[in-house]
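Here is start-v6.csv, consisting of CSV, C-alpha atoms:
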chain,number,residue,atom,x,y,z
A,44,MET,CA,11.4,-7.1,-4.5
A,45,ARG,CA,9.4,-6.6,-7.7
A,46,TYR,CA,10.7,-3.5,-9.5
A,47,THR,CA,8.0,-1.3,-11.0
A,48,SER,CA,8.1,-0.5,-14.7
A,49,SER,CA,9.3,3.1,-14.0
A,50,ILE,CA,12.3,1.7,-12.0
A,51,LYS,CA,13.1,-0.8,-14.8
A,52,GLN,CA,13.0,2.1,-17.2
A,53,LEU,CA,15.6,4.0,-15.2
A,54,GLN,CA,17.8,0.9,-15.0
A,55,ASN,CA,17.9,0.9,-18.8
A,56,ASP,CA,19.5,4.3,-18.9
A,57,SER,CA,23.2,4.1,-19.7
A,58,ARG,CA,24.0,6.5,-16.9
A,59,TYR,CA,22.0,4.6,-14.2
A,60,GLU,CA,25.1,2.9,-12.7
A,61,ALA,CA,26.8,6.3,-12.3
A,62,ALA,CA,23.7,7.9,-10.7
A,63,THR,CA,23.6,5.0,-8.3
A,64,ARG,CA,27.2,5.4,-7.4
A,65,LEU,CA,26.7,9.1,-6.9
A,66,LEU,CA,23.8,8.4,-4.4
A,67,GLU,CA,25.9,5.9,-2.5
A,68,ASN,CA,28.8,8.4,-2.2
A,69,LEU,CA,26.4,10.9,-0.7
A,70,LEU,CA,24.8,8.4,1.6
A,71,HIS,CA,28.3,7.6,3.0
A,72,ALA,CA,29.1,11.3,3.3
A,73,GLN,CA,31.8,11.0,0.5
A,74,GLU,CA,32.3,13.7,-2.0
A,75,PRO,CA,31.9,12.2,-5.5
A,76,ASP,CA,35.0,12.5,-7.7
A,77,HIS,CA,35.2,14.5,-10.9
A,78,ALA,CA,35.4,11.4,-13.1
A,79,LEU,CA,32.0,10.2,-11.8
A,80,LEU,CA,30.4,13.6,-12.2
A,81,THR,CA,31.9,13.9,-15.7
A,82,GLN,CA,30.4,10.5,-16.7
A,83,LEU,CA,27.0,11.6,-15.4
A,84,TYR,CA,26.8,15.3,-16.3
A,85,GLY,CA,29.7,16.1,-18.7
A,86,VAL,CA,33.0,17.9,-18.5
A,87,GLN,CA,31.7,21.4,-18.3
A,88,GLN,CA,29.0,20.7,-15.7
A,89,ALA,CA,31.1,18.5,-13.3
A,90,PRO,CA,32.9,21.3,-11.4
A,91,ILE,CA,29.7,23.1,-10.4
A,92,LEU,CA,28.0,19.8,-9.4
A,93,HIS,CA,31.0,18.9,-7.3
A,94,ARG,CA,30.7,22.2,-5.4
A,95,VAL,CA,27.0,21.7,-4.9
A,96,PHE,CA,27.4,18.2,-3.5
A,97,ALA,CA,30.4,19.2,-1.3
A,98,ARG,CA,28.3,22.1,0.2
A,99,PHE,CA,25.4,19.8,0.9
A,100,LEU,CA,27.6,17.3,2.7
A,101,GLU,CA,29.3,20.0,4.7
A,102,GLU,CA,25.9,21.3,5.9
A,103,HIS,CA,24.0,18.0,6.4
A,104,ALA,CA,26.2,14.9,6.6
A,105,THR,CA,26.6,15.1,10.4
A,106,ASP,CA,22.9,14.3,10.7
A,107,PHE,CA,22.9,11.3,8.4
A,108,GLY,CA,23.5,8.3,10.5
A,109,ILE,CA,24.4,4.9,9.1
A,110,PRO,CA,23.2,4.2,5.5
A,111,ARG,CA,20.4,1.6,5.7
A,112,PRO,CA,21.5,-1.7,4.1
A,113,HIS,CA,19.3,-3.5,1.6
A,114,GLN,CA,17.7,-6.9,2.3
A,115,PRO,CA,18.4,-8.7,-1.0
A,116,HIS,CA,16.4,-11.8,0.2
A,117,ALA,CA,13.4,-9.8,1.6
A,118,SER,CA,10.1,-11.4,1.0
A,119,TYR,CA,7.8,-10.2,-1.8
A,120,GLU,CA,4.8,-12.3,-0.8
A,121,ILE,CA,2.4,-9.4,-0.8
A,122,SER,CA,3.3,-8.3,-4.3
A,123,GLU,CA,3.3,-12.0,-5.5
A,124,ALA,CA,-0.2,-12.5,-4.0
A,125,ARG,CA,-1.5,-9.3,-5.5
A,126,SER,CA,-0.3,-10.5,-9.0
A,127,HIS,CA,-1.8,-13.9,-8.6
A,128,VAL,CA,-5.1,-12.5,-7.3
A,129,GLU,CA,-5.4,-10.2,-10.3
A,130,GLU,CA,-4.8,-13.1,-12.7
A,131,SER,CA,-8.0,-14.7,-11.4
A,132,ALA,CA,-11.1,-14.4,-13.7
A,133,GLY,CA,-13.3,-14.3,-10.6
A,134,PHE,CA,-11.5,-11.4,-9.0
A,135,GLN,CA,-11.4,-9.6,-12.4
A,136,ASP,CA,-15.1,-9.9,-12.8
A,137,LEU,CA,-15.8,-8.7,-9.2
A,138,GLN,CA,-13.3,-5.9,-9.3
A,139,SER,CA,-14.5,-4.6,-12.7
A,140,LEU,CA,-18.1,-4.2,-11.4
A,141,ILE,CA,-16.8,-2.4,-8.3
A,142,LEU,CA,-14.7,0.0,-10.4
A,143,PHE,CA,-17.8,0.9,-12.4
A,144,GLY,CA,-19.8,1.5,-9.3
A,145,GLU,CA,-22.0,-1.6,-9.6
A,146,LEU,CA,-22.9,-3.7,-6.6
A,147,PRO,CA,-22.1,-7.4,-7.4
A,148,THR,CA,-24.4,-10.2,-6.3
A,149,LEU,CA,-23.9,-11.9,-2.9
A,150,GLU,CA,-22.7,-15.1,-4.7
A,151,ALA,CA,-19.9,-13.1,-6.4
A,152,PHE,CA,-18.4,-12.4,-2.9
A,153,GLU,CA,-18.7,-15.8,-1.4
A,154,PRO,CA,-15.5,-17.4,-2.9
A,155,LEU,CA,-13.4,-14.7,-1.2
A,156,TYR,CA,-15.4,-13.9,1.9
A,157,GLY,CA,-17.4,-17.0,2.7
A,158,LYS,CA,-20.0,-16.5,5.4
A,159,TYR,CA,-19.0,-12.8,5.7
A,160,ALA,CA,-20.0,-12.1,2.1
A,161,GLY,CA,-23.2,-10.3,3.1
A,162,GLU,CA,-21.4,-8.0,5.5
A,163,VAL,CA,-18.7,-7.3,3.0
A,164,ARG,CA,-21.3,-6.5,0.3
A,165,GLU,CA,-23.2,-4.1,2.7
A,166,VAL,CA,-20.0,-2.2,3.4
A,167,LEU,CA,-19.3,-2.0,-0.3
A,168,ARG,CA,-22.8,-0.7,-0.9
A,169,MET,CA,-22.2,2.1,1.6
A,170,PHE,CA,-18.9,3.0,-0.1
A,171,LEU,CA,-20.6,3.1,-3.5
A,172,ASP,CA,-23.7,5.0,-2.3
A,173,HIS,CA,-21.6,7.7,-0.8
A,174,LYS,CA,-19.3,7.8,-3.8
A,175,LEU,CA,-16.1,7.6,-1.8
A,176,VAL,CA,-13.1,7.9,-4.2
A,177,ARG,CA,-9.3,7.8,-4.0
A,178,LYS,CA,-7.1,10.7,-5.2
A,179,CYS,CA,-6.8,9.1,-8.6
A,180,GLY,CA,-10.5,9.2,-9.0
A,181,ILE,CA,-11.5,5.5,-8.8
A,182,THR,CA,-13.8,4.2,-6.0
A,183,SER,CA,-12.1,3.6,-2.7
A,184,ALA,CA,-13.8,0.2,-2.6
A,185,ALA,CA,-11.4,-1.1,-5.2
A,186,HIS,CA,-8.6,-0.9,-2.7
A,187,LEU,CA,-10.7,-2.6,0.0
A,188,ASN,CA,-11.5,-5.6,-2.3
A,189,ARG,CA,-7.9,-6.0,-3.4
A,190,VAL,CA,-6.6,-6.0,0.2
A,191,GLY,CA,-9.2,-8.5,1.2
A,192,ALA,CA,-8.3,-10.7,-1.7
A,193,VAL,CA,-4.6,-10.5,-1.0
A,194,VAL,CA,-5.2,-11.5,2.6
A,195,ALA,CA,-7.2,-14.5,1.4
A,196,LYS,CA,-4.5,-15.5,-1.0
A,197,ILE,CA,-1.7,-15.2,1.5
A,198,GLY,CA,-3.7,-17.6,3.7
A,199,MET,CA,-4.1,-16.0,7.1
A,200,ASP,CA,-7.4,-17.9,7.6
A,201,GLN,CA,-7.8,-21.5,8.5
A,202,PRO,CA,-9.1,-23.6,5.6
A,203,GLY,CA,-12.7,-22.9,4.9
A,204,GLU,CA,-12.7,-19.7,7.0
A,205,ARG,CA,-12.7,-16.1,5.7
A,206,MET,CA,-12.6,-14.0,8.8
A,207,PHE,CA,-9.3,-12.2,8.2
A,208,ALA,CA,-10.1,-11.7,4.5
A,209,ALA,CA,-13.3,-9.9,5.6
A,210,ILE,CA,-11.3,-7.8,8.1
A,211,GLY,CA,-9.0,-6.9,5.2
A,212,PHE,CA,-11.9,-5.7,3.2
A,213,MET,CA,-13.4,-3.8,6.1
A,214,HIS,CA,-10.2,-2.2,7.4
A,215,ASP,CA,-11.2,1.3,6.4
A,216,ALA,CA,-14.9,1.0,7.3
A,217,LEU,CA,-14.9,3.0,10.5
A,218,GLU,CA,-12.5,5.7,9.2
A,219,ASP,CA,-14.4,6.3,5.9
A,220,LEU,CA,-18.0,5.7,6.8
A,221,LEU,CA,-18.6,6.9,10.4
A,222,ASP,CA,-19.1,10.5,9.4
A,223,VAL,CA,-21.3,9.8,6.4
A,224,VAL,CA,-23.6,6.8,7.3
A,225,ARG,CA,-26.8,7.5,9.2
A,226,ASP,CA,-28.2,5.5,12.0
A,227,ASP,CA,-31.9,4.5,12.4
A,228,HIS,CA,-32.7,7.9,13.7
A,229,ARG,CA,-31.1,9.6,10.7
A,230,ASN,CA,-28.2,10.9,12.7
A,231,VAL,CA,-24.6,10.5,11.4
A,232,TYR,CA,-22.5,8.1,13.4
A,233,THR,CA,-19.6,9.7,15.3
A,234,VAL,CA,-16.5,8.3,16.9
A,235,ASN,CA,-18.5,8.0,20.1
A,236,ASP,CA,-20.9,5.6,18.3
A,237,TYR,CA,-18.3,3.4,16.6
A,238,GLN,CA,-19.5,0.3,18.6
A,239,ALA,CA,-23.1,0.8,17.4
A,240,PHE,CA,-21.8,1.0,13.8
A,241,LEU,CA,-19.8,-2.2,14.2
A,242,THR,CA,-22.7,-4.0,15.9
A,243,ARG,CA,-25.0,-3.1,13.0
A,244,PHE,CA,-22.7,-3.9,10.1
A,245,SER,CA,-20.4,-6.7,11.2
A,246,SER,CA,-20.2,-9.9,13.2
A,247,PRO,CA,-18.9,-9.7,16.8
A,248,GLU,CA,-15.8,-11.7,16.1
A,249,LEU,CA,-14.6,-9.0,13.7
A,250,HIS,CA,-15.0,-6.1,16.0
A,251,GLN,CA,-11.8,-6.2,17.9
A,252,HIS,CA,-9.7,-6.6,14.8
A,253,ILE,CA,-11.5,-3.7,12.9
A,254,LYS,CA,-11.1,-1.5,16.0
A,255,LEU,CA,-7.4,-2.3,16.2
A,256,ILE,CA,-6.7,-1.5,12.6
A,257,THR,CA,-8.7,1.7,12.7
A,258,ASN,CA,-6.8,5.0,13.3
A,259,PHE,CA,-9.0,6.4,16.1
A,260,TYR,CA,-6.6,9.3,16.4
A,261,ASP,CA,-7.6,10.4,12.9
A,262,LEU,CA,-11.3,10.0,13.7
A,263,ILE,CA,-11.0,12.1,16.8
A,264,LEU,CA,-9.0,14.8,15.2
A,265,SER,CA,-11.4,15.0,12.3
A,266,GLU,CA,-14.3,15.3,14.6
A,267,THR,CA,-12.5,17.9,16.6
A,268,ARG,CA,-11.7,20.0,13.5
A,269,ASP,CA,-15.4,19.7,12.3
A,270,THR,CA,-16.6,20.8,15.7
A,271,LEU,CA,-14.4,23.8,15.7
A,272,ARG,CA,-15.4,24.8,12.2
A,273,SER,CA,-19.1,24.5,13.1
A,274,GLU,CA,-18.4,27.0,15.9
A,275,ASP,CA,-16.5,29.2,13.6
A,276,ARG,CA,-13.2,28.6,15.5
A,277,TYR,CA,-9.9,28.0,13.8
A,278,PRO,CA,-8.5,24.5,14.3
A,279,GLY,CA,-5.2,25.7,15.8
A,280,LYS,CA,-3.3,23.9,18.5
A,281,GLU,CA,-4.9,25.6,21.6
A,282,ASN,CA,-8.4,25.3,20.2
A,283,MET,CA,-7.9,21.6,19.4
A,284,LEU,CA,-6.6,20.9,22.9
A,285,ARG,CA,-9.6,22.6,24.5
A,286,ALA,CA,-11.9,20.7,22.2
A,287,MET,CA,-10.3,17.4,23.2
A,288,GLU,CA,-10.7,18.3,26.9
A,289,ASP,CA,-14.4,19.0,26.2
A,290,MET,CA,-14.7,15.6,24.5
A,291,TYR,CA,-13.1,13.9,27.5
A,292,THR,CA,-15.8,15.4,29.7
A,293,HIS,CA,-18.7,14.4,27.5
A,294,ASP,CA,-17.8,11.3,25.5
A,295,ARG,CA,-17.7,7.6,26.3
A,296,LEU,CA,-15.0,6.2,28.5
A,297,GLU,CA,-13.7,4.0,25.6
A,298,ILE,CA,-12.5,7.2,23.9
A,299,HIS,CA,-10.6,8.6,27.0
A,300,PRO,CA,-7.3,6.7,26.5
A,301,TYR,CA,-7.0,8.0,22.9
A,302,LEU,CA,-7.8,11.6,24.1
A,303,GLU,CA,-5.2,11.3,26.9
A,304,LYS,CA,-2.4,10.1,24.6
A,305,MET,CA,-3.2,12.6,21.9
A,306,HIS,CA,-3.3,15.5,24.4
A,307,TYR,CA,0.1,14.4,25.8
A,308,ALA,CA,1.6,13.9,22.4
A,309,ILE,CA,0.8,17.3,21.0
A,310,GLU,CA,0.6,19.7,23.9
A,311,ASP,CA,4.3,20.5,23.9
A,312,ALA,CA,4.8,20.0,20.1
A,313,ASP,CA,5.4,22.8,17.7
A,314,LEU,CA,2.6,22.2,15.2
A,315,GLY,CA,3.3,25.1,13.0
A,316,ASP,CA,0.7,26.7,10.7
A,317,ASP,CA,-1.1,23.5,9.9
A,318,ALA,CA,-1.8,22.3,13.4
A,319,TYR,CA,-4.4,19.8,12.3
A,320,GLY,CA,-2.1,18.1,9.7
A,321,ALA,CA,0.9,18.1,12.1
A,322,ALA,CA,-1.2,16.6,14.9
A,323,LYS,CA,-2.4,13.9,12.5
A,324,TRP,CA,1.2,13.0,11.6
A,325,ILE,CA,2.4,12.9,15.2
A,326,CYS,CA,-0.4,10.6,16.2
A,327,TYR,CA,0.2,8.3,13.2
A,328,SER,CA,4.0,8.2,13.6
A,329,GLU,CA,4.2,8.0,17.4
A,330,LEU,CA,1.0,6.4,18.6
A,331,TYR,CA,-1.2,4.5,16.0
A,332,ILE,CA,1.2,2.0,14.4
A,333,ARG,CA,3.3,1.6,17.6
A,334,GLU,CA,0.2,0.7,19.7
A,335,MET,CA,-1.1,-1.7,17.1
A,336,ALA,CA,2.3,-3.5,17.2
A,337,ILE,CA,2.3,-3.6,21.0
A,338,TYR,CA,-1.2,-5.0,21.2
A,339,THR,CA,-0.7,-7.7,18.6
A,340,HIS,CA,2.5,-8.7,20.3
A,341,SER,CA,0.7,-8.9,23.7
A,342,ARG,CA,-1.9,-11.2,22.1
A,343,GLY,CA,0.7,-13.4,20.4
A,344,ASP,CA,-1.3,-13.1,17.1
A,345,TYR,CA,0.1,-10.6,14.5
A,346,ARG,CA,-2.4,-11.1,11.7
A,347,THR,CA,-4.2,-7.8,12.1
A,348,PHE,CA,-0.8,-6.1,12.1
A,349,GLU,CA,0.0,-8.1,8.9
A,350,ILE,CA,-3.2,-6.8,7.3
A,351,LYS,CA,-2.0,-3.2,8.0
A,352,GLY,CA,1.2,-4.1,6.2
A,353,ILE,CA,-0.8,-5.3,3.2
A,354,ASP,CA,-2.9,-2.2,3.3
A,355,LEU,CA,0.2,0.0,3.2
A,356,SER,CA,1.7,-2.1,0.4
A,357,ASP,CA,-1.4,-1.7,-1.7
A,358,ASN,CA,-1.5,2.1,-1.1
A,359,GLY,CA,2.2,2.1,-2.1
A,360,HIS,CA,2.2,0.1,-5.3
A,361,GLY,CA,0.4,2.9,-7.1
A,362,ARG,CA,2.4,5.7,-5.6
A,363,ASP,CA,3.9,6.9,-8.9
A,364,ALA,CA,0.5,8.5,-9.7
A,365,LEU,CA,0.7,10.6,-6.5
A,366,ALA,CA,2.2,14.1,-6.0
A,367,LEU,CA,5.7,14.0,-4.7
A,368,GLY,CA,4.7,15.0,-1.1
A,369,SER,CA,2.2,12.3,-0.9
A,370,ARG,CA,4.7,9.8,-2.4
A,371,ILE,CA,7.2,10.6,0.3
A,372,LYS,CA,4.7,10.4,3.1
A,373,ASN,CA,3.5,7.1,1.8
A,374,LEU,CA,7.1,5.8,1.9
A,375,ILE,CA,7.7,7.1,5.4
A,376,LYS,CA,4.5,5.4,6.6
A,377,GLN,CA,5.9,2.1,5.3
A,378,GLN,CA,9.1,2.9,7.2
A,379,ILE,CA,7.2,3.6,10.4
A,380,TYR,CA,5.5,0.2,10.0
A,381,ALA,CA,8.8,-1.6,9.4
A,382,THR,CA,10.5,0.1,12.3
A,383,TYR,CA,8.0,-0.8,14.9
A,384,GLY,CA,7.5,-4.2,13.3
A,385,SER,CA,11.2,-5.0,13.4
A,386,GLN,CA,11.4,-4.0,17.1
A,387,LEU,CA,9.0,-6.7,18.0
A,388,ASN,CA,11.7,-9.3,17.5
A,389,SER,CA,9.0,-11.7,16.6
A,390,THR,CA,9.4,-15.3,15.6
A,391,TRP,CA,6.1,-15.1,13.7
A,392,HIS,CA,7.0,-15.9,10.1
A,393,GLY,CA,4.2,-13.8,8.4
A,394,VAL,CA,4.8,-10.5,10.2
A,395,ASN,CA,8.5,-10.7,9.7
A,396,ASN,CA,8.0,-11.2,6.0
A,397,ARG,CA,5.6,-8.2,5.8
A,398,VAL,CA,8.1,-6.0,7.7
A,399,ALA,CA,11.0,-7.0,5.4
A,400,GLU,CA,9.0,-6.5,2.3
A,401,LEU,CA,7.8,-3.0,3.2
A,402,GLN,CA,11.2,-2.0,4.5
A,403,GLU,CA,12.9,-3.0,1.2
A,404,ASP,CA,10.2,-1.5,-0.9
A,405,ALA,CA,10.4,1.8,0.9
A,406,LEU,CA,14.2,1.9,0.6
A,407,VAL,CA,14.3,1.0,-3.1
A,408,HIS,CA,11.6,3.5,-4.0
A,409,ALA,CA,13.2,6.3,-1.9
A,410,LYS,CA,16.5,5.8,-3.6
A,411,HIS,CA,15.0,5.9,-7.1
A,412,ILE,CA,13.2,9.1,-6.4
A,413,ILE,CA,16.7,10.6,-6.0
A,414,ILE,CA,18.3,8.6,-8.9
A,415,ARG,CA,15.6,9.8,-11.3
A,416,ASP,CA,16.6,13.4,-10.6
A,417,PHE,CA,20.3,12.7,-11.0
A,418,LEU,CA,19.5,11.4,-14.5
A,419,GLN,CA,17.8,14.6,-15.6
A,420,GLN,CA,19.8,16.3,-18.4
A,421,GLN,CA,18.1,19.7,-18.5
A,422,SER,CA,17.9,22.0,-15.5
A,423,PHE,CA,20.4,19.6,-14.0
A,424,LEU,CA,21.4,22.1,-11.2
A,425,ASP,CA,17.7,22.6,-10.2
A,426,PHE,CA,17.1,18.9,-10.1
A,427,ALA,CA,20.3,18.2,-8.2
A,428,VAL,CA,19.5,20.7,-5.4
A,429,SER,CA,15.8,19.6,-5.4
A,430,THR,CA,16.7,16.0,-4.9
A,431,LEU,CA,19.2,16.8,-2.1
A,432,LEU,CA,16.3,18.4,-0.3
A,433,LYS,CA,14.3,15.2,-0.9
A,434,MET,CA,17.2,13.3,0.7
A,435,ILE,CA,16.6,15.2,3.9
A,436,SER,CA,12.9,14.4,3.8
A,437,LEU,CA,13.7,10.7,3.2
A,438,LYS,CA,16.3,10.4,6.0
A,439,PRO,CA,14.2,8.1,8.2
A,440,ILE,CA,14.3,5.6,5.3
A,441,LEU,CA,17.8,6.1,3.9
A,442,PHE,CA,19.6,6.0,7.3
A,443,VAL,CA,19.5,3.9,10.4
A,444,LYS,CA,19.9,5.5,13.8
A,445,PRO,CA,19.9,3.6,17.1
A,446,PRO,CA,16.3,4.0,18.6
A,447,ARG,CA,16.0,5.7,21.9
A,448,ASN,CA,13.9,2.7,23.1
A,449,PRO,CA,15.0,-0.4,21.2
A,450,SER,CA,11.8,-2.3,21.9
A,451,VAL,CA,8.1,-1.4,21.5
A,452,ARG,CA,7.2,-3.9,24.1
Using the file provided, produce a representation of the structure as structure tokens.
Amino acid sequence: MRYTSSIKQLQNDSRYEAATRLLENLLHAQEPDHALLTQLYGVQQAPILHRVFARFLEEHATDFGIPRPHQPHASYEISEARSHVEESAGFQDLQSLILFGELPTLEAFEPLYGKYAGEVREVLRMFLDHKLVRKCGITSAAHLNRVGAVVAKIGMDQPGERMFAAIGFMHDALEDLLDVVRDDHRNVYTVNDYQAFLTRFSSPELHQHIKLITNFYDLILSETRDTLRSEDRYPGKENMLRAMEDMYTHDRLEIHPYLEKMHYAIEDADLGDDAYGAAKWICYSELYIREMAIYTHSRGDYRTFEIKGIDLSDNGHGRDALALGSRIKNLIKQQIYATYGSQLNSTWHGVNNRVAELQEDALVHAKHIIIRDFLQQQSFLDFAVSTLLKMISLKPILFVKPPRNPSVR
């Protein structure tokens, strides 16, 4: 894989090898010896660190599972394509205009998106008009254009075609625009009107792919939460379930399968204080990615699932700018994708490469979150205990456990 500049900086630390060995000891449920801890922390600090790590293993090692092996020959095609795309003067010109909130000409989109350039430009216009931005402050549309360009560079389309590149650009259109764009009657689109939105803004051959890559569970939960708030009701578990039941009674039949699966997934779950956030995570981790994998497998065409991998990779390569909780969630999303993707047992070269790349990327970055803390020289005890708690959060990535159902098919 391509190591980020922050990882390369860690690797230049003279204690990096010792920190790596310490992590491997813990992953294999082995207490680190005093010589290693002395090398990493010093003679005076080694005894207390030994007690800390021994206690952690005593309390948690039985839940670890098998340490996940690295894939040294994993593909890095997504990262390679992203670098090549960003070296292109045409992409640079287009992306710089988007980043400054300007709408490029139709001709500027044609090399990447061909006959879909007009549709892509209109989607971009809506993102810019509604000032949709990412957590780092830049326009969300920059991510869309980079994903579309990487899809084009990897070569999912037949020569002269640009359908999957356009899908790459439009992958977030429904999730980000349905609740802000207005129809001809000045009403905001809802999840119930998604087909009208697609018909208005995209060609028919794109619809099924955009629908597949859209997290309808998120859309429904968001609409449920907004409805409850408008009625001055708290979006707790019971209220959300009742709101879903009401949607089932009144909304279109196309939404019913999503509502049924959501209701089943969360009705017996302990959602805690943040019922909305917990329900979103359950639907993402247990339903959304899994069903996308199943559907693409049933069709024998994994390109839409590949685009989701490119999307996740693009979200991930800037994760160092995110808060720690968001960084860990981003990594676990990659792991969810890799887990379901690997269970397909596909012979499709492209999807296997995407799965391997995201798996290795998640594992390397998860480990370096921990290694970085081991290298801290001040407040070393605080960092040691803090990073052990991070290990618990990162268990789905760091360890392999036999799945309850070894196939998503």
Closest of A:Lys304, A:Arg177, A:Lys351, A:Arg111 to Thr257 (chain A) - atom-to-atom distances counting only C-alpha atoms: A:Lys351
Hey, can you pull every residue with an atom no more than 12 Å from (24.8, 10.8, -5.5), using all atoms listed in the file, and send it as a PDB file with C-alpha atoms, in the coordinates of the input?
ATOM      1  CA  TYR A  59      22.000   4.600 -14.200  1.00  0.00           C
ATOM      2  CA  GLU A  60      25.100   2.900 -12.700  1.00  0.00           C
ATOM      3  CA  ALA A  61      26.800   6.300 -12.300  1.00  0.00           C
ATOM      4  CA  ALA A  62      23.700   7.900 -10.700  1.00  0.00           C
ATOM      5  CA  THR A  63      23.600   5.000  -8.300  1.00  0.00           C
ATOM      6  CA  ARG A  64      27.200   5.400  -7.400  1.00  0.00           C
ATOM      7  CA  LEU A  65      26.700   9.100  -6.900  1.00  0.00           C
ATOM      8  CA  LEU A  66      23.800   8.400  -4.400  1.00  0.00           C
ATOM      9  CA  GLU A  67      25.900   5.900  -2.500  1.00  0.00           C
ATOM     10  CA  ASN A  68      28.800   8.400  -2.200  1.00  0.00           C
ATOM     11  CA  LEU A  69      26.400  10.900  -0.700  1.00  0.00           C
ATOM     12  CA  LEU A  70      24.800   8.400   1.600  1.00  0.00           C
ATOM     13  CA  HIS A  71      28.300   7.600   3.000  1.00  0.00           C
ATOM     14  CA  ALA A  72      29.100  11.300   3.300  1.00  0.00           C
ATOM     15  CA  GLN A  73      31.800  11.000   0.500  1.00  0.00           C
ATOM     16  CA  GLU A  74      32.300  13.700  -2.000  1.00  0.00           C
ATOM     17  CA  PRO A  75      31.900  12.200  -5.500  1.00  0.00           C
ATOM     18  CA  ASP A  76      35.000  12.500  -7.700  1.00  0.00           C
ATOM     19  CA  LEU A  79      32.000  10.200 -11.800  1.00  0.00           C
ATOM     20  CA  LEU A  80      30.400  13.600 -12.200  1.00  0.00           C
ATOM     21  CA  LEU A  83      27.000  11.600 -15.400  1.00  0.00           C
ATOM     22  CA  TYR A  84      26.800  15.300 -16.300  1.00  0.00           C
ATOM     23  CA  LEU A  92      28.000  19.800  -9.400  1.00  0.00           C
ATOM     24  CA  HIS A  93      31.000  18.900  -7.300  1.00  0.00           C
ATOM     25  CA  VAL A  95      27.000  21.700  -4.900  1.00  0.00           C
ATOM     26  CA  PHE A  96      27.400  18.200  -3.500  1.00  0.00           C
ATOM     27  CA  ALA A  97      30.400  19.200  -1.300  1.00  0.00           C
ATOM     28  CA  PHE A  99      25.400  19.800   0.900  1.00  0.00           C
ATOM     29  CA  LEU A 100      27.600  17.300   2.700  1.00  0.00           C
ATOM     30  CA  LYS A 410      16.500   5.800  -3.600  1.00  0.00           C
ATOM     31  CA  HIS A 411      15.000   5.900  -7.100  1.00  0.00           C
ATOM     32  CA  ILE A 412      13.200   9.100  -6.400  1.00  0.00           C
ATOM     33  CA  ILE A 413      16.700  10.600  -6.000  1.00  0.00           C
ATOM     34  CA  ILE A 414      18.300   8.600  -8.900  1.00  0.00           C
ATOM     35  CA  ARG A 415      15.600   9.800 -11.300  1.00  0.00           C
ATOM     36  CA  ASP A 416      16.600  13.400 -10.600  1.00  0.00           C
ATOM     37  CA  PHE A 417      20.300  12.700 -11.000  1.00  0.00           C
ATOM     38  CA  LEU A 418      19.500  11.400 -14.500  1.00  0.00           C
ATOM     39  CA  ALA A 427      20.300  18.200  -8.200  1.00  0.00           C
ATOM     40  CA  VAL A 428      19.500  20.700  -5.400  1.00  0.00           C
ATOM     41  CA  THR A 430      16.700  16.000  -4.900  1.00  0.00           C
ATOM     42  CA  LEU A 431      19.200  16.800  -2.100  1.00  0.00           C
ATOM     43  CA  MET A 434      17.200  13.300   0.700  1.00  0.00           C
TER      44      MET A 434
END
Non-local contacts of region 386-393 of chain A (12 Å; only C-alpha atoms; under 3 positions in same chain excluded) as number ranges by chain: A: 118-121, 194, 197-199, 333-341, 343-350, 352-353, 379-383, 396-400, 445-452
Protein, DNA and RNA residues within 6 Å of (-15.6, -7.5, 1.8), only C-alpha atoms, as a count of residues only: 4
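Going from CA of Glu329 (chain A) to CA of Ile109 (chain A) covers 22.1 Å.
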Ala216 (chain A) surroundings by all atoms listed in the file, 12 Å radius, close-in-sequence under 2 positions cut, as a compact mmCIF listing (two decimals) with C-alpha atoms, keeping the file's coordinate frame:
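Printed below is part_38.txt as written:
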# COMPACT_ATOMS: atom_id res chain seq x y z
CA GLU A 162 -21.40 -8.00 5.50
CA VAL A 163 -18.70 -7.30 3.00
CA GLU A 165 -23.20 -4.10 2.70
CA VAL A 166 -20.00 -2.20 3.40
CA LEU A 167 -19.30 -2.00 -0.30
CA ARG A 168 -22.80 -0.70 -0.90
CA MET A 169 -22.20 2.10 1.60
CA PHE A 170 -18.90 3.00 -0.10
CA LEU A 175 -16.10 7.60 -1.80
CA SER A 183 -12.10 3.60 -2.70
CA ALA A 184 -13.80 0.20 -2.60
CA HIS A 186 -8.60 -0.90 -2.70
CA LEU A 187 -10.70 -2.60 0.00
CA ALA A 209 -13.30 -9.90 5.60
CA ILE A 210 -11.30 -7.80 8.10
CA GLY A 211 -9.00 -6.90 5.20
CA PHE A 212 -11.90 -5.70 3.20
CA MET A 213 -13.40 -3.80 6.10
CA HIS A 214 -10.20 -2.20 7.40
CA GLU A 218 -12.50 5.70 9.20
CA ASP A 219 -14.40 6.30 5.90
CA LEU A 220 -18.00 5.70 6.80
CA LEU A 221 -18.60 6.90 10.40
CA ASP A 222 -19.10 10.50 9.40
CA VAL A 223 -21.30 9.80 6.40
CA VAL A 224 -23.60 6.80 7.30
CA TYR A 237 -18.30 3.40 16.60
CA PHE A 240 -21.80 1.00 13.80
CA LEU A 241 -19.80 -2.20 14.20
CA PHE A 244 -22.70 -3.90 10.10
CA SER A 245 -20.40 -6.70 11.20
CA LEU A 249 -14.60 -9.00 13.70
CA HIS A 250 -15.00 -6.10 16.00
CA HIS A 252 -9.70 -6.60 14.80
CA ILE A 253 -11.50 -3.70 12.90
CA LYS A 254 -11.10 -1.50 16.00
CA ILE A 256 -6.70 -1.50 12.60
CA THR A 257 -8.70 1.70 12.70
CA ASN A 258 -6.80 5.00 13.30
CA PHE A 259 -9.00 6.40 16.10
CA LEU A 262 -11.30 10.00 13.70
